[in-house]
Amino acid sequence: MSMNLSAKLEELQGGDRQLETTAALCEIRTQLQEFTKSVESCQSEVSEVKRDMVAIKQELETVQLVKEEIEELREYVDRLEEHTQQRKLRLLEQGLTFFLSYAIFTAVLGMLQFGYNTGVINAPGKNIANFIKDVYKSRYGMDLHDDTVNRLYSVAVSIFAIGGMVGGFSGGMIANRFGRKGGLLLNNVLGIGGASLMGFTRISHCYEFLIFGRFIIGVNCGLNTSLVPMYISEIAPLNLRGGLGTVNQLAVTVGLLISQVLGIEQILGTDEGWPILLGLAICPAVLQLVLLPACPESPRYLLITRQWEEEARRALRRLRASNQVEEDIEEMRAEERAQQSEASISMRELLCSPTLRAPLLIGVVMQLSQQLSGINAVINYSTFLFTSSGLTEESAKFATMGIGAIMVGMTLVSLPLMDRTGRRTLHLYGLGGMFIFSIFITISFLIKEFFGYVQEMIDWMSYLSVVSTLSFVVFFAVGPGSIPWLITAELFSQGPRPSAMAIAVLVNWMANFVVGIGFPSMKAVLDNYTFLPFSVFLAIFWIFTYKKVPETKNKTFEEILALFRNSNGRDSFRDDHIYGSALNCVNGLEQQLLPPPPPPLPAPLDVKRDSVSEQWSGGEAGRPPPRLPATRHV
């Protein structure tokens with residue numbers, strides 16, 4: 001019986017082991033099924049990784065193509081810059097020809113007209129005042145008060161500037177409609193009319209003729225100040241543009257000197273001679289009207305504005321005295337390409353253009369630096385200033401002639417310096433010197449007041465005043481006299497240049513008018529401190545020029561335009577920050593697109609279910625690959 005029980009127990013134990021084995025097998029089967037699912041998931045992710053790696057390979061191939069294209073672009077830019085530099089060197093080798101000299105001489109007769117009419121009213125001031133008194137008394141039978149006479153004389157002086165504003169503002173429209181040469185030809189009609197009115201003032205016994213004639217001749221001079229610098233800057237070779245641009249100021253100073261010499265009492269500064277003195281303004285207009293038809297139109301105007309290439313080539317051959325004009329044509333074409341988006345630009349568009357706003361501001365401030373420097377106060381009222389400092393009236397007139405002579409001499413000195421030293425540097429020297437000697441003029445007035453009872457001190461201060469005033473004029477001739485006209489024409493390409501010149505000339509004449517009409521009142525209010533406001537303006541203009549004005553020496557119009565298109569002032573594609581960082585961006589993209597490491601191998605079979613799930617559903621290895629950045633096409 002015990003044996004039977006033992007057998008039964010052994011049988012029961014064998015059944016338990018079998019049940020345990022069956023349960024273990026079931027558990028193993030379940031784990032194998034889960035592991036199979038994990039392996040299938042892993043295979044799916046491996047397939048996705050393979051597809052991503054194929055996409056990455058394609059991206060890298062695209063990057064390599066981009067790098068090759070950038071290298072080709074680099075080589076093309078290098079060749080283009082080398083070609084441009086060679087063309088520029090050939091342009092710099094061009095010289096002054098006879099016909100170019102003839103065209104420039106003919107054109108600057110307009111600026112001689114401007115200078116003559118600026119200074120001609122100064123010397124016969126008392127004669128004109130007496131004539132106004134006599135006319136008024138003959139009309140109304142009563143004497144005119146001296147204050148009213150001075151006011152009418154100031155109107156006759158200042159209305160010239162109002163006419164200049166009208167002419168200067170319409171200069172851009174005239175230049176675009178009739179051309180530079182055509183505008184100058186039409187302008188001479190105004191010059192002849194205005195000079196005739198002034199010349200017949202005394203015969204007609206009508207001082208209104210004087211005022212109206214001064215207005216008409218002012219319109220004529222305003223158009224000249226817009227058209228002449230534009231014409232000369234467009235026909236001048238690159239290496240002579242600065243020196244030939246200074247010829248504008250030379251003509252102005254020569255006209256000023258002629259008017260001062262003819263205005264002395266020994267020649268035409270008399271009661272009978274002053275109408276002839278004013279009427280001689282007809283001579284430059286008639287001479288230019290005779291000589292100008294033989295001159296060519298501006299090649300830039302013909303090629304860029306009118307699209308008449310053959311006429312432009314013909315004009316260039318005459319101006320350069322050579323059939324090799326391809327470099328000039330290429331330079332004009334480059335300028336045209338650089339400003340095609342601004343081909344015909346109005347004044348409103350000019351004011352609203354972000355690219356052109358900076359050069360326009362510079363042009364306007366440069367014109368203000370010329371007029372608000374105080375030079376017109378010296379020119380228009382120099383005789384009065386010298387007599388106030390203690391000189392006799394005769395000595396004051398000769399000192400006034402010295403102003404004109406010094407302006408001519410120093411303008412001649414500045415001709416070779418313009419293209420050697422640079423516009424910006426000369427302008428800084430001129431403004432700095434004028435600032436210093438304007439302070440000395442103020443000091444001489446103050447010492448004369450405080451030590452006026454000492455005769456030796458009066459004589460010494462008279463000399464100091466004259467020397468300071470003449471030195472003031474010297475530095476004006478070096479810088480602010482000629483550079484504003486030149487640099488304003490250089491700052492703009494063919495399209496916006498007429499509108500920009502019109503705005504700049506308008507500002508110049510407005511400031512001229514303000515100084516002309518306001519200086520007598522300012523002298524009465526400030527007395528010995530009259531030149532102090534000019535000193536403040538000169539300091540402000542010096543700082544602005546130092547900070548904002550670029551150097552334009554030996555630069556093509558295309559290069560000057562590039563200075564303002566690039567905010568960092570660079571004029572070469574290689575120097576541009578976009579070009580310099582292009583390869584860095586590509587290399588950085590290549591680093592980001594490197595293939596990720598392969599996923600880890602599956603876990604061993606005895607790993608628990610929870611750990612297997614964690615390995616393949618979470619953690620770093622389980623994250624899908626990052627989205628690729630979009631390809632940038634060049």
# chains A, B, ... in the order shown; residues from 1 in each chain; ligands from 1
$ residues_around --residues "A:Val166" --least-positions-apart "4" --cutoff "9 Å" --atoms "only C-alpha atoms" --output "list in words"
Ala161, Ile162, Ser170, Gly171, Gly218, Val219, Gly222, Leu223, Leu506 and Trp509 of chain A
$ write_last_selection --atoms "C-alpha atoms" --output "PDB file, in the first residue's frame"
ATOM      1  CA  ALA A 161      18.957 135.006 -55.751  1.00  0.00           C
ATOM      2  CA  ILE A 162      15.175 134.599 -56.155  1.00  0.00           C
ATOM      3  CA  SER A 170      13.829 124.216 -63.356  1.00  0.00           C
ATOM      4  CA  GLY A 171      17.340 123.183 -64.444  1.00  0.00           C
ATOM      5  CA  GLY A 218      19.208 135.602 -61.801  1.00  0.00           C
ATOM      6  CA  VAL A 219      17.050 133.017 -63.608  1.00  0.00           C
ATOM      7  CA  GLY A 222      20.399 129.735 -61.784  1.00  0.00           C
ATOM      8  CA  LEU A 223      20.054 127.652 -64.950  1.00  0.00           C
ATOM      9  CA  LEU A 506      17.499 125.475 -55.350  1.00  0.00           C
ATOM     10  CA  TRP A 509      20.108 129.917 -54.140  1.00  0.00           C
TER      11      TRP A 509
END
$ atom_distance --atom1 "atom CA of A:Pro498" --atom2 "atom CA of A:Glu234"
11.8 Å
$ select_by_dssp --residues "stretch 317-406 of chain A" --states "alpha helix (DSSP H)" --output "VMD selection string"
chain A and resid 317 to 320 326 to 338 347 to 352 354 to 371 375 to 380 382 to 388 393 to 406
$ closest_atom_pairs --of "stretch 411-502 of chain A" --to "stretch 238-243 of chain A" --cutoff "7 Å" --atoms "only C-alpha atoms" --output "CSV"
residue,atom,partner,partner_atom,distance
A:Leu415,CA,A:Gly243,CA,4.8
A:Pro416,CA,A:Gly243,CA,6.2
A:Met418,CA,A:Gly242,CA,5.4
A:Asp419,CA,A:Gly242,CA,5.4
$ write_last_selection --atoms "N, CA and C atoms" --output "mmCIF file, in the first residue's frame"
data_model
loop_
_atom_site.group_PDB
_atom_site.id
_atom_site.type_symbol
_atom_site.label_atom_id
_atom_site.label_comp_id
_atom_site.auth_asym_id
_atom_site.auth_seq_id
_atom_site.Cartn_x
_atom_site.Cartn_y
_atom_site.Cartn_z
ATOM 1 N N LEU A 415 43.270 123.677 -58.749
ATOM 2 C CA LEU A 415 43.021 122.841 -59.930
ATOM 3 C C LEU A 415 43.810 121.535 -59.892
ATOM 4 N N PRO A 416 45.164 121.577 -59.734
ATOM 5 C CA PRO A 416 45.891 120.305 -59.681
ATOM 6 C C PRO A 416 45.662 119.528 -58.387
ATOM 7 N N MET A 418 42.849 119.084 -56.836
ATOM 8 C CA MET A 418 41.537 118.450 -56.775
ATOM 9 C C MET A 418 41.628 116.948 -57.025
ATOM 10 N N ASP A 419 42.409 116.544 -58.045
ATOM 11 C CA ASP A 419 42.532 115.125 -58.359
ATOM 12 C C ASP A 419 43.734 114.478 -57.691
#
$ closest_atom_pairs --of "stretch 389-506 of chain A" --to "stretch 266-285 of chain A" --cutoff "12 Å" --atoms "only C-alpha atoms" --output "CSV"
residue,atom,partner,partner_atom,distance
A:Glu394,CA,A:Gln266,CA,10.7
A:Lys397,CA,A:Gly269,CA,10.3
A:Phe398,CA,A:Gln266,CA,11.6
$ closest_residue --among "A:Ser353, A:Ser138, A:Leu100, A:Ile375" --to "A:Pro237" --atoms "only C-alpha atoms"
A:Leu100
